[in-house]
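Q: Quick one: this structure, given as structure tokens, is what I'll be asking you about.
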Amino acid sequence: MSDQLDVSPDPQESPRAQPTRRQWLVHGLGLTAAGAGLSPLTGCGGDSAPAPAPSPDQEPAPGPAPEQKASAFTLAVLPDTQFYSRYATEAEGAQFVKNFGSDPYMAQTTWAARNAKALNMPFLIHLGDVVDQVTKPAQWEVADKAMQVLEQAKLPYSMLAGNHDVLLAMDYMDASSQQMATDAQRNAAQEPYLQWFGASRAAKQGTFKGRDPSGWHEYHVFEAEGQKFMVLSLSWRVSDAALAWANQVIAANPELPVILVNHQLLNIDKDGVSPLETPYGLMLWDKLIRKNDQIFMTLNGHHHGAARLTRKNDFGNNVELMVVDYQMAYQGGNGLMRLYEFDLTRNLIRVLSFSPWVPAKPKNMINGYDQAVLTDANNDFVIGIDFKQRFARFAPDFKVAAGTIAGSLVDQARKQLTANFTQPKPRVLHDPKDANDYPVVPDTVAHWRFVGGISGNPVPVGYAVRDEVGGSPLTRSALNVDGVQGAELGDLVWSSDCHRYSAARGSVQFRNTRKMLKRNDPTDPVRYIRDQAPRMSYFTTAADAPANRADLKSGYTVEAFIKIGKDWTNQWNRWMNILTRDGQRWTFDPQVNWEDPQASLLLFAISSLREVQWDGTAYDGMDSKSAWSGEVMTDQWIHVAIVNDPKTFDTVMYIEGSPMLRNVQKKPGLATLGQPWVVGGGAWPNIVKDATGSKLAGFEFQRDDGFLGNIGEIRIVAAALPPEKWLTSRRGG
């Protein structure tokens, strides 16, 4: 292995494919926060929150002059790889190789293996969520192949299971209970993670020292610059027994500095940059971290973005807590990973966040979302730490070796990664100057802006929200009709809150929405019985509105500004509708073997996992496929655009201007029965069989799937629009 950094693509990778999409589909809005992922927006013209300045005890400690050679080493870190594993599979269209000629997971491990020697890298850490769908063997095969690269290069690594890697993964994100969904409740023999990355495979790593009795949690000891360090990796939802094991492991190695790795520990606040502690993380702090002085830093993924926090343990020493997860960025993370440089001579930890995949992409596929190196404060930073003093209480013999490294290893990596890469300039967005500062475009079918009332006041029943093109206003429907119960006038109110780049300076807020609970009729497995009626409010177009008949055969762009309510829960709000149109799939064409015959012809909704779903049945009723976002945060404004190209059949979802990974090719247009559009709700009727009880005869109509949160404006255009024509842009371009 050469001492020179190697950022070239793998020669064994398949030839790079030519672009298959229209060029504007890969030229979107520039990233505006955290270097990658969603923009932290305060709404209605508010500025993005600045990154927090380091506290004084995080400033670099005094050290030798820069020209002095240092004793230093690096560690590589792989945040959640779940989308890389999923969308490299044939079942998902092998999207990475198809569009770019290579895949990001393989690019990450190949880069680490090739550059381990040059960067004095003794170890790599994986933060969990290895795959996206635990029961899909093809995704495990992708991960297996990528991690084999490290094994063949003899670069040791640690693994842990995230919530996507376990069969029982109930996400008690706001609970610190050690009684539910932990390693103690799982059947180890049935868990794919333990079959693919079990103890026997871990034992092949030269650094491996053991796993706990459950088989989920492991620890390694690596040596660098004459010193030994422990990496303690705890998988999703650690039990009390496993915590006792972790404490025992540390106690049995009393002189080792410890890096604690966990899938979930630190979160990121809604401003997108500030650290946010979680109940589960606080439980780990109280039961493991604070009382073990050897734990000097922690790493976790799970929460989307990056942040860091310094806390004092029971001994008065700093513990550096860091969360990093790029899965909501372009292309499911765009190959972004981390490099930590431990400069023992200068008493620094330097952090580089970068993508080895981006520089290897075909140049004609590079766009404003592609960043080889992230430069914001939460992704490019230095931590001052006097290693000898920090470790003095438990490792009095810790010594800094003679320096052999000239300069900085992180700087060396950065230079090599950017040597042949030119960062495209992202498109800059501007706040609207007035309520009309947006592009007015031809072929607009309907444009609804939910403004006009006093913030906090109810929207009157029967109130008509103007259609900006005139023909299809929306009206607040009557309370408690079509199966709805318990709804009150105050469940739908005006709000002054809005998305920063929406020229409509307000929104409507849907409150107190609760989904209908249903169970199967024990005498008829197809028929549902209502356990509880839905509580919801919504808008509909009139029965004769022109927009009802639009089939959008020439392609379409559908945009919406939304904010999911902070009280959203899976139980009460899953599959809530932003926009739909009445009429069931089976009614449109009874001859088609629909998977969900009672589903509406259009589902623009928020899933049970808080993903944005777009499932618009094509105009001929024969092409119904879903496009998806990743998980969307509550209480944060986002702009969603769905663009259907009639030439290529590509239907691409954009969140905050970033094209999502989970898109589809489907026929243009949207099937219609000429029935109303619905905003803030939908319908999910009960199935009715014929007299024989063997055939579908129809449905008992009822409303369901009401929205919880804010909707600012929605526009439907019968054309595939480029980003400069979206509502986030300004009039005149």
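Each chain of the structure tokens is named A, B, ... in the order shown, its residues numbered from 1; ligands are numbered from 1 in display order.
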For A:Asp582, list every protein, DNA or RNA residue within 8 Å, evaluated using only C-alpha atoms, and leave out those in the same chain fewer than 6 positions away; present the list as a PyMOL selection string.

A: chain A and resi 600-601+673+675-678+682-683

Q: Deliver the residues from the most recent selection as a file, using all heavy atoms, as a PDB file, in the first residue's frame.

A:
```
ATOM      1  N   SER A 600     -57.007   6.424  -2.885  1.00  0.00           N
ATOM      2  CA  SER A 600     -57.315   7.504  -3.809  1.00  0.00           C
ATOM      3  C   SER A 600     -56.388   7.436  -5.014  1.00  0.00           C
ATOM      4  O   SER A 600     -55.307   6.834  -4.975  1.00  0.00           O
ATOM      5  CB  SER A 600     -57.157   8.849  -3.112  1.00  0.00           C
ATOM      6  OG  SER A 600     -58.042   8.946  -2.008  1.00  0.00           O
ATOM      7  N   LEU A 601     -56.798   8.103  -6.075  1.00  0.00           N
ATOM      8  CA  LEU A 601     -55.986   8.132  -7.292  1.00  0.00           C
ATOM      9  C   LEU A 601     -54.686   8.898  -7.090  1.00  0.00           C
ATOM     10  O   LEU A 601     -53.726   8.708  -7.823  1.00  0.00           O
ATOM     11  CB  LEU A 601     -56.789   8.769  -8.433  1.00  0.00           C
ATOM     12  CG  LEU A 601     -57.977   7.942  -8.929  1.00  0.00           C
ATOM     13  CD1 LEU A 601     -58.864   8.777  -9.822  1.00  0.00           C
ATOM     14  CD2 LEU A 601     -57.496   6.703  -9.668  1.00  0.00           C
ATOM     15  N   LEU A 673     -61.309  11.194 -12.004  1.00  0.00           N
ATOM     16  CA  LEU A 673     -62.718  10.856 -12.186  1.00  0.00           C
ATOM     17  C   LEU A 673     -63.569  12.120 -12.195  1.00  0.00           C
ATOM     18  O   LEU A 673     -64.791  12.054 -12.091  1.00  0.00           O
ATOM     19  CB  LEU A 673     -63.180   9.923 -11.063  1.00  0.00           C
ATOM     20  CG  LEU A 673     -62.629   8.493 -11.135  1.00  0.00           C
ATOM     21  CD1 LEU A 673     -62.797   7.789  -9.806  1.00  0.00           C
ATOM     22  CD2 LEU A 673     -63.308   7.706 -12.247  1.00  0.00           C
ATOM     23  N   GLN A 675     -63.639  14.313  -9.911  1.00  0.00           N
ATOM     24  CA  GLN A 675     -64.109  14.627  -8.569  1.00  0.00           C
ATOM     25  C   GLN A 675     -63.175  15.648  -7.900  1.00  0.00           C
ATOM     26  O   GLN A 675     -62.088  15.931  -8.397  1.00  0.00           O
ATOM     27  CB  GLN A 675     -64.209  13.343  -7.742  1.00  0.00           C
ATOM     28  CG  GLN A 675     -65.244  12.360  -8.283  1.00  0.00           C
ATOM     29  CD  GLN A 675     -65.444  11.176  -7.364  1.00  0.00           C
ATOM     30  OE1 GLN A 675     -65.371  11.301  -6.142  1.00  0.00           O
ATOM     31  NE2 GLN A 675     -65.703  10.004  -7.945  1.00  0.00           N
ATOM     32  N   PRO A 676     -63.572  16.207  -6.758  1.00  0.00           N
ATOM     33  CA  PRO A 676     -62.824  17.315  -6.156  1.00  0.00           C
ATOM     34  C   PRO A 676     -61.403  16.956  -5.718  1.00  0.00           C
ATOM     35  O   PRO A 676     -61.102  15.807  -5.371  1.00  0.00           O
ATOM     36  CB  PRO A 676     -63.688  17.687  -4.940  1.00  0.00           C
ATOM     37  CG  PRO A 676     -65.058  17.239  -5.291  1.00  0.00           C
ATOM     38  CD  PRO A 676     -64.859  15.974  -6.082  1.00  0.00           C
ATOM     39  N   TRP A 677     -60.576  18.011  -5.704  1.00  0.00           N
ATOM     40  CA  TRP A 677     -59.292  17.971  -5.023  1.00  0.00           C
ATOM     41  C   TRP A 677     -59.542  18.210  -3.541  1.00  0.00           C
ATOM     42  O   TRP A 677     -60.477  18.923  -3.161  1.00  0.00           O
ATOM     43  CB  TRP A 677     -58.354  19.058  -5.546  1.00  0.00           C
ATOM     44  CG  TRP A 677     -57.892  18.868  -6.964  1.00  0.00           C
ATOM     45  CD1 TRP A 677     -58.556  19.242  -8.090  1.00  0.00           C
ATOM     46  CD2 TRP A 677     -56.670  18.272  -7.389  1.00  0.00           C
ATOM     47  NE1 TRP A 677     -57.819  18.920  -9.212  1.00  0.00           N
ATOM     48  CE2 TRP A 677     -56.640  18.317  -8.807  1.00  0.00           C
ATOM     49  CE3 TRP A 677     -55.584  17.701  -6.732  1.00  0.00           C
ATOM     50  CZ2 TRP A 677     -55.591  17.817  -9.562  1.00  0.00           C
ATOM     51  CZ3 TRP A 677     -54.521  17.210  -7.481  1.00  0.00           C
ATOM     52  CH2 TRP A 677     -54.532  17.260  -8.871  1.00  0.00           C
ATOM     53  N   VAL A 678     -58.692  17.625  -2.705  1.00  0.00           N
ATOM     54  CA  VAL A 678     -58.816  17.765  -1.253  1.00  0.00           C
ATOM     55  C   VAL A 678     -57.463  18.182  -0.697  1.00  0.00           C
ATOM     56  O   VAL A 678     -56.429  17.587  -1.035  1.00  0.00           O
ATOM     57  CB  VAL A 678     -59.261  16.440  -0.595  1.00  0.00           C
ATOM     58  CG1 VAL A 678     -59.476  16.639   0.903  1.00  0.00           C
ATOM     59  CG2 VAL A 678     -60.515  15.905  -1.261  1.00  0.00           C
ATOM     60  N   GLY A 682     -58.053  13.144   3.169  1.00  0.00           N
ATOM     61  CA  GLY A 682     -58.270  12.212   2.081  1.00  0.00           C
ATOM     62  C   GLY A 682     -59.466  11.343   2.383  1.00  0.00           C
ATOM     63  O   GLY A 682     -60.359  11.718   3.151  1.00  0.00           O
ATOM     64  N   ALA A 683     -59.496  10.192   1.779  1.00  0.00           N
ATOM     65  CA  ALA A 683     -60.575   9.230   2.007  1.00  0.00           C
ATOM     66  C   ALA A 683     -59.994   7.833   1.962  1.00  0.00           C
ATOM     67  O   ALA A 683     -59.120   7.542   1.140  1.00  0.00           O
ATOM     68  CB  ALA A 683     -61.674   9.387   0.957  1.00  0.00           C
TER      69      ALA A 683
END
```

Q: Measuring between only C-alpha atoms, which one of A:Phe561, A:Trp216, A:Phe208, A:Trp196 shows the shortest distance to A:Asp144?

A: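 Once distances to A:Asp144 are computed over only C-alpha atoms, the minimum belongs to A:Trp196.
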
Q: Can you tell me, as a list of chain:residue names, which residues in stretch 153-248 of chain A count as strand (DSSP E) by DSSP?

A: A:Tyr157, A:Ser158, A:Phe208, A:Lys209, A:Gly210, A:Arg211, A:Glu218, A:Tyr219, A:His220, A:Val221, A:Phe222, A:Glu223, A:Ala224, A:Gln227, A:Lys228, A:Phe229, A:Met230, A:Val231, A:Leu232, A:Ser233, A:Leu234

Q: Which residues are close to A:Asp531, i.e. within 8 Å by only C-alpha atoms, leaving aside same-chain residues fewer than 2 positions away? Reply as a PyMOL selection string.

A: chain A and resi 516-519+529+533

Q: Can you pull out the residues contacting A:Leu609? Cut-off 8 Å, using only C-alpha atoms, and skip same-chain residues under 3 positions away; I want them as a ChimeraX atom specification.

A: /A:570,574,606,631

Q: With only C-alpha atoms as the basis for distance, which of A:Thr569, A:Thr74, A:Asn99, A:Asn253 is at the shortest distance from A:Lys117?

A: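 Closest to A:Lys117 of all the choices is A:Thr74.
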
Q: Rank A:Val238, A:Leu284, A:Val231, A:Ile268 by their smallest atom-to-atom distance to A:Ala184, using only C-alpha atoms, and report the top residue only.

A: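 Going through A:Val238, A:Leu284, A:Val231, A:Ile268 one by one, the smallest distance to A:Ala184 is for A:Val238.
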
Q: Could you give me, as a tab-separated table, every stretch 534-561 of chain A residue with an atom at most 10 Å from stretch 478-482 of chain A, plus its closest atom pair and distance in Å to one decimal, counting only C-alpha atoms, rows ordered by chain then number?

A:
```
residue	atom	partner	partner_atom	distance
A:Pro534	CA	A:Asn480	CA	9.2
A:Arg535	CA	A:Asn480	CA	8.0
A:Met536	CA	A:Asn480	CA	8.2
A:Ser537	CA	A:Leu479	CA	7.1
A:Tyr538	CA	A:Ala478	CA	8.8
A:Phe539	CA	A:Ala478	CA	9.3
```

Q: Those selected residues, please, written with N, CA and C atoms and delivered as a PDB file, in the first residue's frame.

A:
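Output (part_30.pdb):
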```pdb
ATOM      1  N   PRO A 534     -62.296   9.369  12.667  1.00  0.00           N
ATOM      2  CA  PRO A 534     -61.245  10.380  12.595  1.00  0.00           C
ATOM      3  C   PRO A 534     -61.743  11.742  13.046  1.00  0.00           C
ATOM      4  N   ARG A 535     -60.834  12.523  13.585  1.00  0.00           N
ATOM      5  CA  ARG A 535     -61.088  13.935  13.856  1.00  0.00           C
ATOM      6  C   ARG A 535     -60.202  14.722  12.907  1.00  0.00           C
ATOM      7  N   MET A 536     -60.799  15.564  12.063  1.00  0.00           N
ATOM      8  CA  MET A 536     -60.017  16.232  11.039  1.00  0.00           C
ATOM      9  C   MET A 536     -60.811  17.383  10.424  1.00  0.00           C
ATOM     10  N   SER A 537     -60.089  18.304   9.796  1.00  0.00           N
ATOM     11  CA  SER A 537     -60.675  19.381   9.011  1.00  0.00           C
ATOM     12  C   SER A 537     -59.925  19.449   7.693  1.00  0.00           C
ATOM     13  N   TYR A 538     -60.583  19.975   6.645  1.00  0.00           N
ATOM     14  CA  TYR A 538     -59.965  19.915   5.320  1.00  0.00           C
ATOM     15  C   TYR A 538     -60.672  20.886   4.382  1.00  0.00           C
ATOM     16  N   PHE A 539     -60.067  21.087   3.196  1.00  0.00           N
ATOM     17  CA  PHE A 539     -60.624  21.915   2.142  1.00  0.00           C
ATOM     18  C   PHE A 539     -60.915  21.036   0.930  1.00  0.00           C
TER      19      PHE A 539
END
```

Q: Considering only C-alpha atoms, can you say which of A:Asp690, A:Arg585, A:Leu150, A:Ala720 comes closest to A:Pro646?

A: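 Under the stated criterion, the closest residue is A:Ala720.
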
Q: Find the residue from A:His302, A:His126, A:Lys689, A:Lys69 that sits nearest to A:Val261; use only C-alpha atoms when measuring.

A: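 Distance minimum relative to A:Val261 lands on A:His126.
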
Q: Under the rule that only C-alpha atoms are counted, which of A:Gly162, A:Glu468, A:Asn379, A:Ala392 is the nearest residue to A:Pro254?

A: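 For A:Pro254, the nearest of the given residues is A:Ala392.
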
Q: Please give the complete set of residues from stretch 286-436 of chain A that DSSP, run on the backbone, assigns to helix (DSSP H, G or I), formatted as a list in words.

A: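 The helix (DSSP H, G or I) subset of stretch 286-436 of chain A is Asp286, Lys287, Leu288, Ile289, Tyr330, Gln331, Gly332, Gly333, Val358, Pro359, Ala360, Lys363, Asn364, Met365, Phe387, Lys388, Gln389, Arg390, Leu409, Val410, Asp411, Gln412, Ala413, Arg414, Lys415, Gln416, Leu417 and Thr418 of chain A.
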
Q: Please measure the separation of atom CA of A:Val358 and atom CA of A:Leu374, giving the value in Å to one decimal.

A: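 Distance reported for this atom pair: 11.8 Å.
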
Q: I'd like the neighbourhood of stretch 701-712 of chain A as a list in words, where a residue qualifies if any of its atoms comes within 6 Å (using only C-alpha atoms), though same-chain residues fewer than 5 positions away should be ignored.

A: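 Counting only C-alpha atoms, the residues come to Phe450, Asp482, Gly483, Ser507, Val508, Gln509, Phe510, Arg511, Thr513, Lys515, Pro534, Met536, Phe561, Ile562, Lys563, Ile564, Gly565, Met576, Asn577, Gly680, Gly681, Gly682, Ala683, Trp684 and Pro685 of chain A.
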
Q: To one decimal place in Å, what is the distance between atom CA of A:Ser477 and atom CA of A:Trp568?

A: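 Going from atom CA of A:Ser477 over to atom CA of A:Trp568, I get 22.7 Å.
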